[in-house]
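Colleague: The following file, target-v2.cif, comprises mmCIF, C-alpha atoms:
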data_start
loop_
_atom_site.label_atom_id
_atom_site.label_comp_id
_atom_site.auth_asym_id
_atom_site.auth_seq_id
_atom_site.Cartn_x
_atom_site.Cartn_y
_atom_site.Cartn_z
CA MET A 1 -77.88 -11.77 94.11
CA THR A 2 -78.46 -11.90 90.35
CA ASP A 3 -75.90 -11.67 87.58
CA SER A 4 -77.57 -8.55 86.29
CA ALA A 5 -76.84 -6.82 89.54
CA VAL A 6 -73.21 -7.74 89.27
CA ALA A 7 -73.04 -6.64 85.66
CA GLY A 8 -74.33 -3.25 86.63
CA ALA A 9 -71.58 -2.88 89.20
CA VAL A 10 -68.54 -3.73 87.08
CA PRO A 11 -67.31 -3.16 83.53
CA GLU A 12 -67.74 -6.11 81.18
CA ARG A 13 -64.09 -6.44 80.18
CA LEU A 14 -61.08 -6.90 82.42
CA LYS A 15 -59.12 -3.66 82.61
CA LYS A 16 -55.56 -4.95 82.34
CA ARG A 17 -53.80 -1.68 83.14
CA ARG A 18 -55.91 -1.08 86.22
CA ILE A 19 -55.41 -4.63 87.51
CA SER A 20 -51.67 -4.33 86.82
CA LEU A 21 -51.57 -1.10 88.81
CA LEU A 22 -53.32 -2.78 91.73
CA ILE A 23 -50.91 -5.72 91.64
CA VAL A 24 -47.89 -3.40 91.74
CA ALA A 25 -49.47 -1.34 94.53
CA HIS A 26 -50.19 -4.54 96.48
CA VAL A 27 -46.59 -5.67 96.06
CA ALA A 28 -45.41 -2.28 97.32
CA ASN A 29 -47.78 -2.25 100.29
CA ASP A 30 -47.13 -5.78 101.52
CA SER A 31 -43.38 -5.80 100.82
CA TYR A 32 -42.75 -3.39 103.69
CA PHE A 33 -44.40 -5.81 106.12
CA GLY A 34 -41.59 -8.20 105.26
CA PHE A 35 -39.00 -5.69 106.49
CA LEU A 36 -39.53 -6.12 110.23
CA PRO A 37 -38.49 -9.79 110.81
CA PRO A 38 -34.95 -9.51 109.36
CA LEU A 39 -34.39 -6.06 110.90
CA LEU A 40 -35.78 -6.91 114.34
CA PRO A 41 -32.45 -8.25 115.70
CA LEU A 42 -30.79 -4.95 114.78
CA ILE A 43 -33.58 -2.99 116.48
CA VAL A 44 -33.22 -5.10 119.63
CA GLU A 45 -29.48 -4.46 119.69
CA ARG A 46 -29.63 -0.73 118.95
CA MET A 47 -32.42 0.00 121.46
CA ASP A 48 -31.43 -2.67 123.98
CA LEU A 49 -34.99 -4.02 123.96
CA PRO A 50 -36.20 -7.11 125.79
CA LEU A 51 -37.67 -9.74 123.49
CA SER A 52 -41.13 -9.09 124.92
CA LEU A 53 -41.10 -5.54 123.52
CA ALA A 54 -39.64 -6.80 120.27
CA GLY A 55 -42.61 -9.13 119.99
CA LEU A 56 -44.93 -6.25 120.81
CA LEU A 57 -43.60 -4.34 117.79
CA ALA A 58 -44.41 -7.21 115.45
CA THR A 59 -47.82 -7.73 117.06
CA THR A 60 -48.69 -4.03 116.80
CA LEU A 61 -47.86 -3.91 113.11
CA SER A 62 -49.78 -7.10 112.33
CA VAL A 63 -52.82 -6.39 114.49
CA THR A 64 -53.21 -2.80 113.26
CA GLY A 65 -52.94 -3.93 109.65
CA ALA A 66 -55.50 -6.72 110.13
CA VAL A 67 -58.02 -5.57 112.72
CA GLY A 68 -58.13 -2.03 111.36
CA GLN A 69 -59.44 -3.26 108.01
CA PRO A 70 -63.16 -3.45 108.97
CA LEU A 71 -63.09 0.14 110.25
CA PHE A 72 -61.45 1.49 107.11
CA GLY A 73 -63.61 -0.81 104.98
CA TYR A 74 -66.74 0.74 106.47
CA PHE A 75 -65.57 4.27 105.73
CA ALA A 76 -64.33 3.27 102.26
CA ASP A 77 -67.83 2.03 101.43
CA ARG A 78 -69.16 5.45 102.42
CA ILE A 79 -66.71 7.92 100.89
CA ARG A 80 -65.63 5.78 97.88
CA LYS A 81 -62.35 7.57 97.14
CA GLY A 82 -59.71 5.70 95.18
CA TRP A 83 -56.88 7.83 96.57
CA LEU A 84 -57.19 5.87 99.82
CA LEU A 85 -55.04 3.29 98.02
CA ALA A 86 -52.04 5.59 98.33
CA LEU A 87 -52.03 5.41 102.12
CA GLY A 88 -50.82 1.80 102.03
CA PRO A 89 -47.55 2.17 100.08
CA LEU A 90 -46.85 5.58 101.62
CA GLY A 91 -47.41 4.33 105.16
CA GLY A 92 -45.38 1.21 104.47
CA ALA A 93 -42.49 3.27 103.11
CA LEU A 94 -42.04 4.73 106.59
CA LEU A 95 -40.88 1.30 107.78
CA ALA A 96 -37.67 1.83 105.81
CA PHE A 97 -36.76 4.35 108.56
CA MET A 98 -37.47 2.07 111.53
CA LEU A 99 -33.78 1.77 112.43
CA TYR A 100 -33.57 5.54 112.82
CA MET A 101 -36.32 5.98 115.40
CA PRO A 102 -34.97 7.63 118.57
CA ASN A 103 -36.85 5.45 121.07
CA PHE A 104 -39.26 2.55 121.40
CA TRP A 105 -42.44 4.61 121.64
CA ILE A 106 -41.72 6.57 118.48
CA LEU A 107 -41.05 3.24 116.79
CA MET A 108 -44.40 1.97 118.07
CA LEU A 109 -46.07 5.03 116.57
CA LEU A 110 -44.39 4.21 113.27
CA MET A 111 -45.82 0.68 113.43
CA LEU A 112 -49.30 2.07 114.08
CA ILE A 113 -49.10 4.47 111.12
CA ALA A 114 -47.79 1.82 108.73
CA GLY A 115 -50.34 -0.74 109.92
CA SER A 116 -53.18 1.76 109.54
CA GLY A 117 -52.10 2.58 106.00
CA SER A 118 -52.18 -1.09 105.10
CA ALA A 119 -55.55 -1.53 106.81
CA CYS A 120 -56.90 1.26 104.63
CA PHE A 121 -55.32 -0.09 101.44
CA HIS A 122 -56.60 -3.66 101.45
CA PRO A 123 -60.40 -3.23 101.51
CA VAL A 124 -60.26 -0.37 98.98
CA ALA A 125 -57.95 -2.26 96.62
CA SER A 126 -60.10 -5.40 96.90
CA VAL A 127 -63.18 -3.49 95.77
CA ILE A 128 -61.40 -1.81 92.86
CA ALA A 129 -59.90 -5.15 91.79
CA GLY A 130 -63.34 -6.73 91.70
CA GLN A 131 -64.86 -3.79 89.83
CA SER A 132 -61.99 -3.67 87.32
CA ALA A 133 -62.10 -7.35 86.39
CA GLY A 134 -65.38 -7.30 84.48
CA ALA A 135 -66.77 -10.74 83.75
CA ARG A 136 -63.47 -12.27 84.97
CA LYS A 137 -63.92 -11.02 88.51
CA GLY A 138 -62.52 -14.13 90.17
CA PHE A 139 -59.42 -14.13 87.98
CA GLY A 140 -58.78 -10.42 88.49
CA MET A 141 -59.17 -10.70 92.26
CA SER A 142 -56.81 -13.67 92.40
CA LEU A 143 -54.15 -11.78 90.46
CA TYR A 144 -54.45 -8.91 92.93
CA VAL A 145 -54.17 -11.26 95.93
CA ALA A 146 -51.12 -12.97 94.40
CA GLY A 147 -49.41 -9.57 94.30
CA GLY A 148 -49.60 -9.36 98.07
CA ARG A 149 -48.07 -12.77 98.59
CA LEU A 150 -45.26 -11.85 96.22
CA GLY A 151 -44.69 -8.60 98.09
CA VAL A 152 -44.27 -10.20 101.52
CA GLY A 153 -41.72 -12.64 100.14
CA LEU A 154 -39.77 -9.94 98.33
CA GLY A 155 -39.76 -7.54 101.28
CA SER A 156 -37.87 -9.82 103.63
CA GLY A 157 -35.28 -10.62 100.97
CA VAL A 158 -34.82 -7.00 99.93
CA ALA A 159 -34.33 -5.76 103.50
CA THR A 160 -31.80 -8.50 104.20
CA PHE A 161 -29.92 -7.81 100.97
CA ILE A 162 -29.72 -4.05 101.53
CA VAL A 163 -28.42 -4.34 105.10
CA THR A 164 -25.88 -7.06 104.36
CA ARG A 165 -24.68 -5.48 101.11
CA TRP A 166 -24.66 -1.75 101.88
CA GLY A 167 -25.40 -1.47 105.60
CA ILE A 168 -28.23 0.14 107.55
CA ASP A 169 -27.45 3.59 106.17
CA ALA A 170 -28.86 2.42 102.84
CA MET A 171 -32.24 1.38 104.26
CA PRO A 172 -33.97 4.76 103.71
CA TYR A 173 -33.54 4.27 99.97
CA ALA A 174 -35.95 1.34 100.25
CA SER A 175 -38.72 3.85 100.87
CA LEU A 176 -38.49 5.04 97.26
CA PHE A 177 -40.58 2.14 95.95
CA GLY A 178 -43.52 3.03 98.18
CA ILE A 179 -43.18 6.74 97.43
CA ILE A 180 -42.95 6.22 93.67
CA ILE A 181 -46.08 4.06 93.74
CA GLY A 182 -47.99 5.93 96.46
CA VAL A 183 -47.67 9.58 95.40
CA PRO A 184 -49.17 9.11 91.90
CA LEU A 185 -52.04 7.11 93.44
CA LEU A 186 -53.06 10.25 95.32
CA PHE A 187 -53.95 11.83 91.98
CA ILE A 188 -54.56 9.06 89.41
CA SER A 189 -56.02 6.25 91.48
CA PRO A 190 -58.88 4.24 89.92
CA PRO A 191 -62.37 5.30 91.02
CA ILE A 192 -64.66 3.20 93.20
CA ARG A 193 -67.99 2.69 91.49
CA ASP A 194 -71.17 3.24 93.49
CA VAL A 195 -73.22 0.03 93.40
CA GLY A 196 -76.14 1.06 95.57
CA ARG A 197 -77.01 2.83 98.80
CA GLY A 198 -73.93 1.79 100.78
CA ALA A 199 -72.38 5.26 100.65
CA SER A 200 -75.48 6.94 102.11
CA GLN A 201 -76.28 4.42 104.83
CA SER A 202 -75.64 5.10 108.49
CA PHE A 203 -73.81 2.60 110.68
CA ILE A 204 -77.11 1.24 112.02
CA GLN A 205 -78.46 0.87 108.47
CA THR A 206 -75.28 -0.93 107.46
CA ILE A 207 -75.69 -3.41 110.32
CA ARG A 208 -79.33 -4.00 109.39
CA MET A 209 -78.41 -4.59 105.76
CA LEU A 210 -75.64 -7.04 106.66
CA ARG A 211 -77.98 -8.93 108.99
CA LEU A 212 -79.97 -9.93 105.90
CA VAL A 213 -76.94 -11.77 104.50
CA PHE A 214 -75.30 -12.67 107.81
CA ARG A 215 -75.72 -16.43 107.50
CA PRO A 216 -74.01 -16.92 104.11
CA LEU A 217 -71.31 -14.37 104.96
CA PHE A 218 -70.56 -15.93 108.34
CA LEU A 219 -70.53 -19.42 106.84
CA LEU A 220 -68.10 -18.28 104.15
CA TRP A 221 -65.98 -16.60 106.82
CA LEU A 222 -65.83 -19.83 108.84
CA VAL A 223 -64.79 -21.84 105.78
CA ASN A 224 -62.11 -19.27 105.02
CA LEU A 225 -60.95 -19.35 108.65
CA CYS A 226 -60.63 -23.15 108.55
CA ARG A 227 -58.61 -22.96 105.33
CA THR A 228 -56.37 -20.18 106.64
CA THR A 229 -55.75 -22.03 109.90
CA VAL A 230 -54.58 -25.07 107.95
CA THR A 231 -52.30 -23.14 105.59
CA MET A 232 -50.83 -21.00 108.38
CA THR A 233 -50.18 -24.11 110.49
CA VAL A 234 -48.34 -25.70 107.57
CA GLN A 235 -46.21 -22.61 106.98
CA VAL A 236 -45.25 -22.26 110.64
CA PHE A 237 -44.83 -25.87 111.75
CA LEU A 238 -44.08 -27.99 108.66
CA PRO A 239 -40.28 -27.45 108.84
CA ILE A 240 -40.31 -28.48 112.53
CA TYR A 241 -42.45 -31.50 111.65
CA ILE A 242 -40.08 -32.62 108.89
CA ILE A 243 -37.05 -32.31 111.18
CA ALA A 244 -38.87 -34.26 113.90
CA LYS A 245 -39.54 -36.99 111.33
CA GLY A 246 -35.82 -37.23 110.56
CA GLY A 247 -35.57 -34.75 107.71
CA SER A 248 -33.13 -31.87 107.36
CA LEU A 249 -33.58 -28.15 107.89
CA ALA A 250 -33.09 -27.67 104.15
CA ALA A 251 -35.85 -30.19 103.41
CA GLY A 252 -38.24 -28.35 105.71
CA GLY A 253 -37.48 -24.97 104.17
CA THR A 254 -37.79 -26.36 100.65
CA ALA A 255 -41.16 -27.93 101.42
CA VAL A 256 -42.61 -24.63 102.67
CA THR A 257 -41.15 -22.73 99.72
CA LEU A 258 -42.72 -25.16 97.25
CA PHE A 259 -45.99 -25.01 99.19
CA LEU A 260 -46.08 -21.21 98.79
CA VAL A 261 -45.07 -21.27 95.12
CA ALA A 262 -47.84 -23.76 94.42
CA ALA A 263 -50.18 -21.56 96.47
CA ALA A 264 -49.53 -18.55 94.25
CA ILE A 265 -50.17 -20.55 91.09
CA GLY A 266 -53.23 -22.26 92.55
CA GLY A 267 -54.68 -18.94 93.65
CA ILE A 268 -54.56 -17.53 90.14
CA TYR A 269 -56.03 -20.64 88.55
CA GLY A 270 -58.68 -20.84 91.26
CA GLY A 271 -59.90 -17.38 90.38
CA HIS A 272 -60.04 -18.28 86.69
CA LEU A 273 -61.97 -21.49 87.39
CA SER A 274 -64.44 -19.64 89.62
CA ASP A 275 -65.36 -17.44 86.65
CA ILE A 276 -66.25 -20.60 84.72
CA PHE A 277 -67.75 -22.94 87.32
CA GLY A 278 -68.82 -20.49 90.03
CA ARG A 279 -67.45 -19.32 93.39
CA ARG A 280 -69.26 -21.98 95.43
CA ILE A 281 -67.94 -24.94 93.43
CA VAL A 282 -64.33 -23.73 93.57
CA THR A 283 -64.60 -22.96 97.29
CA ILE A 284 -65.90 -26.47 98.00
CA MET A 285 -63.42 -28.21 95.73
CA ALA A 286 -60.45 -26.24 97.09
CA ILE A 287 -60.82 -27.36 100.68
CA CYS A 288 -62.22 -30.82 99.84
CA VAL A 289 -59.22 -31.58 97.59
CA GLY A 290 -56.62 -29.80 99.69
CA THR A 291 -57.49 -31.63 102.91
CA PRO A 292 -56.93 -35.22 101.70
CA ALA A 293 -53.89 -34.14 99.67
CA LEU A 294 -52.29 -32.75 102.82
CA GLY A 295 -53.34 -35.85 104.73
CA MET A 296 -51.47 -37.98 102.20
CA ALA A 297 -48.38 -35.81 102.74
CA PHE A 298 -48.39 -36.83 106.41
CA LEU A 299 -48.51 -40.53 105.47
CA PHE A 300 -45.49 -40.61 103.15
CA ASP A 301 -41.80 -39.79 103.26
CA GLU A 302 -39.89 -37.97 100.54
CA PRO A 303 -40.35 -37.49 97.65
CA LEU A 304 -44.09 -38.25 97.79
CA ARG A 305 -44.51 -36.02 100.83
CA THR A 306 -43.32 -32.99 98.88
CA VAL A 307 -45.54 -33.89 95.93
CA PHE A 308 -48.65 -33.92 98.13
CA VAL A 309 -47.55 -30.75 99.95
CA ILE A 310 -47.39 -29.01 96.56
CA LEU A 311 -50.82 -30.32 95.56
CA SER A 312 -52.36 -29.22 98.85
CA GLY A 313 -50.85 -25.74 98.56
CA ALA A 314 -52.29 -25.25 95.09
CA ALA A 315 -55.69 -26.57 96.18
CA PHE A 316 -56.07 -24.65 99.44
CA TYR A 317 -55.04 -21.31 97.96
CA ALA A 318 -57.33 -21.70 94.96
CA GLN A 319 -60.02 -20.37 97.28
CA MET A 320 -58.20 -17.35 98.76
CA GLY A 321 -59.11 -14.69 96.21
CA VAL A 322 -62.38 -16.43 95.39
CA SER A 323 -63.64 -15.99 98.95
CA VAL A 324 -63.23 -12.22 98.67
CA THR A 325 -65.06 -12.12 95.35
CA TYR A 326 -67.79 -14.39 96.73
CA ALA A 327 -68.30 -12.09 99.73
CA GLN A 328 -68.45 -8.98 97.54
CA GLU A 329 -71.14 -10.57 95.40
CA ILE A 330 -73.17 -11.49 98.48
CA ALA A 331 -73.01 -7.91 99.83
CA PRO A 332 -72.05 -5.60 96.91
CA GLU A 333 -73.10 -2.40 98.67
CA HIS A 334 -70.58 -3.10 101.43
CA ALA A 335 -67.85 -4.72 99.37
CA ALA A 336 -64.93 -3.06 101.18
CA LEU A 337 -66.25 -3.98 104.62
CA VAL A 338 -66.89 -7.65 103.83
CA SER A 339 -63.54 -7.91 102.01
CA SER A 340 -61.78 -6.78 105.17
CA PHE A 341 -63.38 -9.60 107.15
CA MET A 342 -62.38 -12.21 104.57
CA LEU A 343 -58.75 -11.06 104.54
CA GLY A 344 -57.62 -9.10 107.58
CA VAL A 345 -59.88 -10.47 110.31
CA VAL A 346 -59.51 -14.08 109.19
CA TRP A 347 -55.73 -13.71 109.12
CA PHE A 348 -55.70 -12.16 112.59
CA VAL A 349 -57.85 -14.87 114.19
CA ALA A 350 -55.81 -17.64 112.55
CA SER A 351 -52.59 -15.99 113.75
CA ILE A 352 -53.83 -15.98 117.34
CA GLY A 353 -54.71 -19.65 116.89
CA MET A 354 -51.07 -20.48 116.19
CA ILE A 355 -50.36 -19.96 119.89
CA ALA A 356 -52.76 -22.79 120.71
CA VAL A 357 -51.29 -24.98 117.97
CA GLY A 358 -47.82 -24.42 119.40
CA GLY A 359 -49.03 -25.30 122.89
CA LEU A 360 -50.65 -28.48 121.59
CA ALA A 361 -47.42 -29.39 119.79
CA ASP A 362 -45.49 -28.94 123.04
CA TYR A 363 -47.94 -31.22 124.83
CA ILE A 364 -48.43 -34.10 122.37
CA GLY A 365 -45.54 -33.58 119.95
CA VAL A 366 -45.49 -31.84 116.59
CA GLU A 367 -45.59 -35.19 114.75
CA THR A 368 -49.12 -35.68 116.13
CA ALA A 369 -50.29 -32.09 116.51
CA LEU A 370 -49.65 -30.93 112.94
CA PRO A 371 -51.68 -33.69 111.22
CA LEU A 372 -54.38 -33.48 113.90
CA VAL A 373 -54.93 -29.72 113.58
CA CYS A 374 -54.74 -29.67 109.79
CA MET A 375 -57.11 -32.58 109.31
CA ALA A 376 -59.57 -31.35 111.94
CA PHE A 377 -59.90 -27.87 110.48
CA GLY A 378 -59.81 -29.21 106.93
CA VAL A 379 -62.65 -31.67 107.55
CA VAL A 380 -64.76 -29.12 109.43
CA GLY A 381 -64.21 -26.56 106.68
CA SER A 382 -65.15 -29.12 104.03
CA PHE A 383 -68.48 -29.90 105.69
CA LEU A 384 -69.22 -26.21 106.28
CA SER A 385 -68.52 -25.39 102.63
CA LEU A 386 -71.34 -27.69 101.52
CA GLY A 387 -73.80 -25.30 103.16
CA LEU A 388 -72.70 -22.26 101.16
CA PRO A 389 -75.52 -20.70 99.11
CA LYS A 390 -75.86 -21.54 95.45
CA GLU A 391 -75.30 -18.67 93.05
CA THR A 392 -78.36 -17.55 91.16
CA ALA A 393 -78.33 -17.45 87.39
#
Let me see the file written as structure tokens.

Modeller:
Amino acid sequence: MTDSAVAGAVPERLKKRRISLLIVAHVANDSYFGFLPPLLPLIVERMDLPLSLAGLLATTLSVTGAVGQPLFGYFADRIRKGWLLALGPLGGALLAFMLYMPNFWILMLLMLIAGSGSACFHPVASVIAGQSAGARKGFGMSLYVAGGRLGVGLGSGVATFIVTRWGIDAMPYASLFGIIIGVPLLFISPPIRDVGRGASQSFIQTIRMLRLVFRPLFLLWLVNLCRTTVTMTVQVFLPIYIIAKGGSLAAGGTAVTLFLVAAAIGGIYGGHLSDIFGRRIVTIMAICVGTPALGMAFLFDEPLRTVFVILSGAAFYAQMGVSVTYAQEIAPEHAALVSSFMLGVVWFVASIGMIAVGGLADYIGVETALPLVCMAFGVVGSFLSLGLPKETA
């Protein structure tokens, strides 16, 4: 794809107000997904649920929000309506009422609605973020992605604070954020620009078009999957690893917190650097630098371990928003659809993989399993990234 094609699809200057709106909307959408973990014990107690059904609630919310993205991405490419953004915050706001559901099945329906709203929000918002960033597309996309990470972190803390400070009767007030953001988006949401024939293509035509760019898209998806598997493994198992190595619970929690803070900063800078040096270079450098940095973290004790954990977090996440931008530039006529695969589907597959990682850790010990999994996927992803297509001038 040529630069002229991209220039015709986006404005030349970054629209700060529009990007800011998308960041706030992303915070609102993803914050409600942080509500379930701290409230789940209360749900189990109030409904007398077995833990298997409690897990099913979390799985339903996550799977609907992730796997539903390609479906909504396909329709978003066709109808190109910005008001679809509103369905995310509005659907998420319903989760503030989860403690008031009369039975398990109504609660499951609530999870499906909220997850579907989020599945609709993400591909649409990703396209608008890319189209609103002008020549700084990588930077704009990374800012938008950082909003989601901030939202998830805030949501868990907000839900915990409300319940412990004012009790469960105050939880419905938490829906106001999503309503305040979502309702105006129904009427003043940014438009989705038409960049070609994507809106008029049938499903079969869409498949045929994507087959032409299948190899680079699939290769990029695999690289992104390798990176996400590494970062998710670190987030889930690093505290357990540190405790197994003789560290404290506080040390494990601090390491993950610093990893995620560095990730947010690295993601923003990665997007900026991709606008200067190109998506391919940043994608390669992110995983090729992050992998050895994380490997060094496994070789040292504190404080060097934390230093390398921070470096690896910044490096690995430098590619997160860039991969979405890269995919949109490979297939601009189906930007929402390909964005959904780079975000939702990758996250879902990596999440399922954590079951296998946990099983491996049970079998050979977390002290061996964590470095083995992270290095294996990091090295494979590094080699795969070298095959990514060069961007044309």

Colleague: Tell me which residues the PyMOL selection byres ((chain A and resi 158) around 12) grabs here, as a PyMOL selection string.

Modeller: chain A and resi 28+31-39+96+151-157+159-166+170-171+173-175+177

Colleague: So how many Å separate CA of Gly115 in chain A and CA of Asp48 in chain A, to one decimal?

Modeller: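 Computing it gives 23.6 Å between the two atoms.
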
Colleague: Using only C-alpha atoms, which residue out of A:Pro41, A:Gly378, A:Gly134, A:Pro332 lies closest to Val223 in chain A?

Modeller: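 When distances to Val223 in chain A are compared using only C-alpha atoms, the smallest one comes from A:Gly378.
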
Colleague: Would you write out, as a tab-separated table, a table of all residues in range 72-142 of chain A that have an atom no more than 10 Å from an atom of range 254-274 of chain A, listing for each the closest atom pair and the distance in Å to one decimal, considering only C-alpha atoms and ordering rows by chain and rising residue number?

Modeller:
residue	atom	partner	partner_atom	distance
A:Arg136	CA	A:His272	CA	7.1
A:Lys137	CA	A:Gly271	CA	7.8
A:Gly138	CA	A:Gly271	CA	4.2
A:Phe139	CA	A:Gly271	CA	4.1
A:Gly140	CA	A:Gly271	CA	7.3
A:Met141	CA	A:Gly271	CA	7.0
A:Ser142	CA	A:Ile268	CA	5.0

Colleague: Taking the file as shown, what set of residues would the PyMOL selection byres ((chain A and resi 341) around 12) give back, as a count of residues only?

Modeller: 39

Colleague: Could you spell out the hits of the PyMOL selection byres ((chain A and resi 57) around 9) on the shown file, as a ChimeraX atom specification?

Modeller: /A:36,40,52-56,58-62,104,107-108,111

Colleague: Mind dumping the selected residues with C-alpha atoms as a CSV table (one decimal), keeping the file's coordinate frame?

Modeller:
chain,number,residue,atom,x,y,z
A,36,LEU,CA,-39.5,-6.1,110.2
A,40,LEU,CA,-35.8,-6.9,114.3
A,52,SER,CA,-41.1,-9.1,124.9
A,53,LEU,CA,-41.1,-5.5,123.5
A,54,ALA,CA,-39.6,-6.8,120.3
A,55,GLY,CA,-42.6,-9.1,120.0
A,56,LEU,CA,-44.9,-6.2,120.8
A,58,ALA,CA,-44.4,-7.2,115.4
A,59,THR,CA,-47.8,-7.7,117.1
A,60,THR,CA,-48.7,-4.0,116.8
A,61,LEU,CA,-47.9,-3.9,113.1
A,62,SER,CA,-49.8,-7.1,112.3
A,104,PHE,CA,-39.3,2.6,121.4
A,107,LEU,CA,-41.0,3.2,116.8
A,108,MET,CA,-44.4,2.0,118.1
A,111,MET,CA,-45.8,0.7,113.4

Colleague: Give me, as a PyMOL selection string, all polymer residues having an atom no more than 12 Å from range 239-250 of chain A, counting all atoms listed in the file and skipping those fewer than 3 positions away in the same chain.

Modeller: chain A and resi 233-236+253-257+259+297-303+305-306+309+358+361-362+365-371

Colleague: For Leu386 in chain A, which residue out of A:Cys288, A:Val230, A:Leu150, A:Ile106 is the nearest one, using all atoms listed in the file?

Modeller: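 Checking each candidate against Leu386 in chain A, we get A:Cys288 as the closest.
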
Colleague: Have a look at A:Leu176, A:Leu219, A:Ile168, A:Val124 and name the one nearest to Arg280 in chain A; count all atoms listed in the file.

Modeller: A:Leu219

Colleague: What is the CA of Val307 in chain A-CA of Asp275 in chain A distance in Å, reported with one decimal?

Modeller: 27.4 Å

Colleague: Could you state the separation of CA of Pro184 in chain A and CA of Ile128 in chain A in Å, given to one decimal place?

Modeller: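 These atoms are spaced 16.4 Å apart.
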
Colleague: Within 9 Å of (-53.5, -3.4, 94.9) in the file's own coordinates, which protein, DNA or RNA residues have an atom, counting only C-alpha atoms? List them as a list in words.

Modeller: Ile19, Ser20, Leu21, Leu22, Ile23, Val24, Ala25, His26, Val27, Ala28, Asn29, Leu85, Phe121, His122, Val124, Ala125, Ser126, Ile128, Ala129, Tyr144, Val145, Gly147 and Gly148 of chain A

Colleague: Rank nothing, just name the residue among A:Trp83, A:Tyr363, A:Phe75, A:Tyr100 nearest to Leu42 in chain A, using all atoms listed in the file.

Modeller: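 Distance minimum relative to Leu42 in chain A lands on A:Tyr100.
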
Colleague: Using all atoms listed in the file, which of A:Leu99, A:Val127, A:Pro190, A:Gly65 sits nearest Glu45 in chain A?

Modeller: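 Under the stated criterion, the closest residue is A:Leu99.
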
Colleague: Tell me which of A:Ser118, A:Leu49, A:Gly359, A:Leu311 sits closest to Leu87 in chain A, counting all atoms listed in the file.

Modeller: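 Residue with the minimum atom-to-atom distance to Leu87 in chain A: A:Ser118.
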
Colleague: Please output range 179-192 of chain A, rebuilt to include N, CA and C atoms, as a PDB file, in the frame of the given file.

Modeller:
ATOM      1  N   ILE A 179     -42.915   5.349  97.799  1.00  0.00           N
ATOM      2  CA  ILE A 179     -43.180   6.740  97.430  1.00  0.00           C
ATOM      3  C   ILE A 179     -43.506   6.857  95.947  1.00  0.00           C
ATOM      4  N   ILE A 180     -42.732   6.164  95.126  1.00  0.00           N
ATOM      5  CA  ILE A 180     -42.950   6.220  93.670  1.00  0.00           C
ATOM      6  C   ILE A 180     -44.320   5.666  93.301  1.00  0.00           C
ATOM      7  N   ILE A 181     -44.761   4.640  94.008  1.00  0.00           N
ATOM      8  CA  ILE A 181     -46.080   4.060  93.740  1.00  0.00           C
ATOM      9  C   ILE A 181     -47.177   4.872  94.428  1.00  0.00           C
ATOM     10  N   GLY A 182     -46.944   5.302  95.661  1.00  0.00           N
ATOM     11  CA  GLY A 182     -47.990   5.930  96.460  1.00  0.00           C
ATOM     12  C   GLY A 182     -48.359   7.334  96.030  1.00  0.00           C
ATOM     13  N   VAL A 183     -47.372   8.180  95.740  1.00  0.00           N
ATOM     14  CA  VAL A 183     -47.670   9.580  95.400  1.00  0.00           C
ATOM     15  C   VAL A 183     -48.557   9.694  94.168  1.00  0.00           C
ATOM     16  N   PRO A 184     -48.262   9.012  93.055  1.00  0.00           N
ATOM     17  CA  PRO A 184     -49.170   9.110  91.900  1.00  0.00           C
ATOM     18  C   PRO A 184     -50.586   8.621  92.208  1.00  0.00           C
ATOM     19  N   LEU A 185     -50.708   7.631  93.110  1.00  0.00           N
ATOM     20  CA  LEU A 185     -52.040   7.110  93.440  1.00  0.00           C
ATOM     21  C   LEU A 185     -52.909   8.160  94.131  1.00  0.00           C
ATOM     22  N   LEU A 186     -52.289   9.168  94.722  1.00  0.00           N
ATOM     23  CA  LEU A 186     -53.060  10.250  95.320  1.00  0.00           C
ATOM     24  C   LEU A 186     -53.850  11.031  94.274  1.00  0.00           C
ATOM     25  N   PHE A 187     -53.359  10.996  93.025  1.00  0.00           N
ATOM     26  CA  PHE A 187     -53.950  11.830  91.980  1.00  0.00           C
ATOM     27  C   PHE A 187     -54.564  11.038  90.830  1.00  0.00           C
ATOM     28  N   ILE A 188     -54.081   9.813  90.577  1.00  0.00           N
ATOM     29  CA  ILE A 188     -54.560   9.060  89.410  1.00  0.00           C
ATOM     30  C   ILE A 188     -55.129   7.704  89.801  1.00  0.00           C
ATOM     31  N   SER A 189     -55.512   7.537  91.043  1.00  0.00           N
ATOM     32  CA  SER A 189     -56.020   6.250  91.480  1.00  0.00           C
ATOM     33  C   SER A 189     -57.348   5.929  90.804  1.00  0.00           C
ATOM     34  N   PRO A 190     -57.612   4.634  90.544  1.00  0.00           N
ATOM     35  CA  PRO A 190     -58.880   4.240  89.920  1.00  0.00           C
ATOM     36  C   PRO A 190     -60.062   4.606  90.807  1.00  0.00           C
ATOM     37  N   PRO A 191     -61.189   4.947  90.219  1.00  0.00           N
ATOM     38  CA  PRO A 191     -62.370   5.300  91.020  1.00  0.00           C
ATOM     39  C   PRO A 191     -63.047   4.058  91.590  1.00  0.00           C
ATOM     40  N   ILE A 192     -63.818   4.260  92.641  1.00  0.00           N
ATOM     41  CA  ILE A 192     -64.660   3.200  93.200  1.00  0.00           C
ATOM     42  C   ILE A 192     -66.079   3.452  92.745  1.00  0.00           C
TER      43      ILE A 192
END
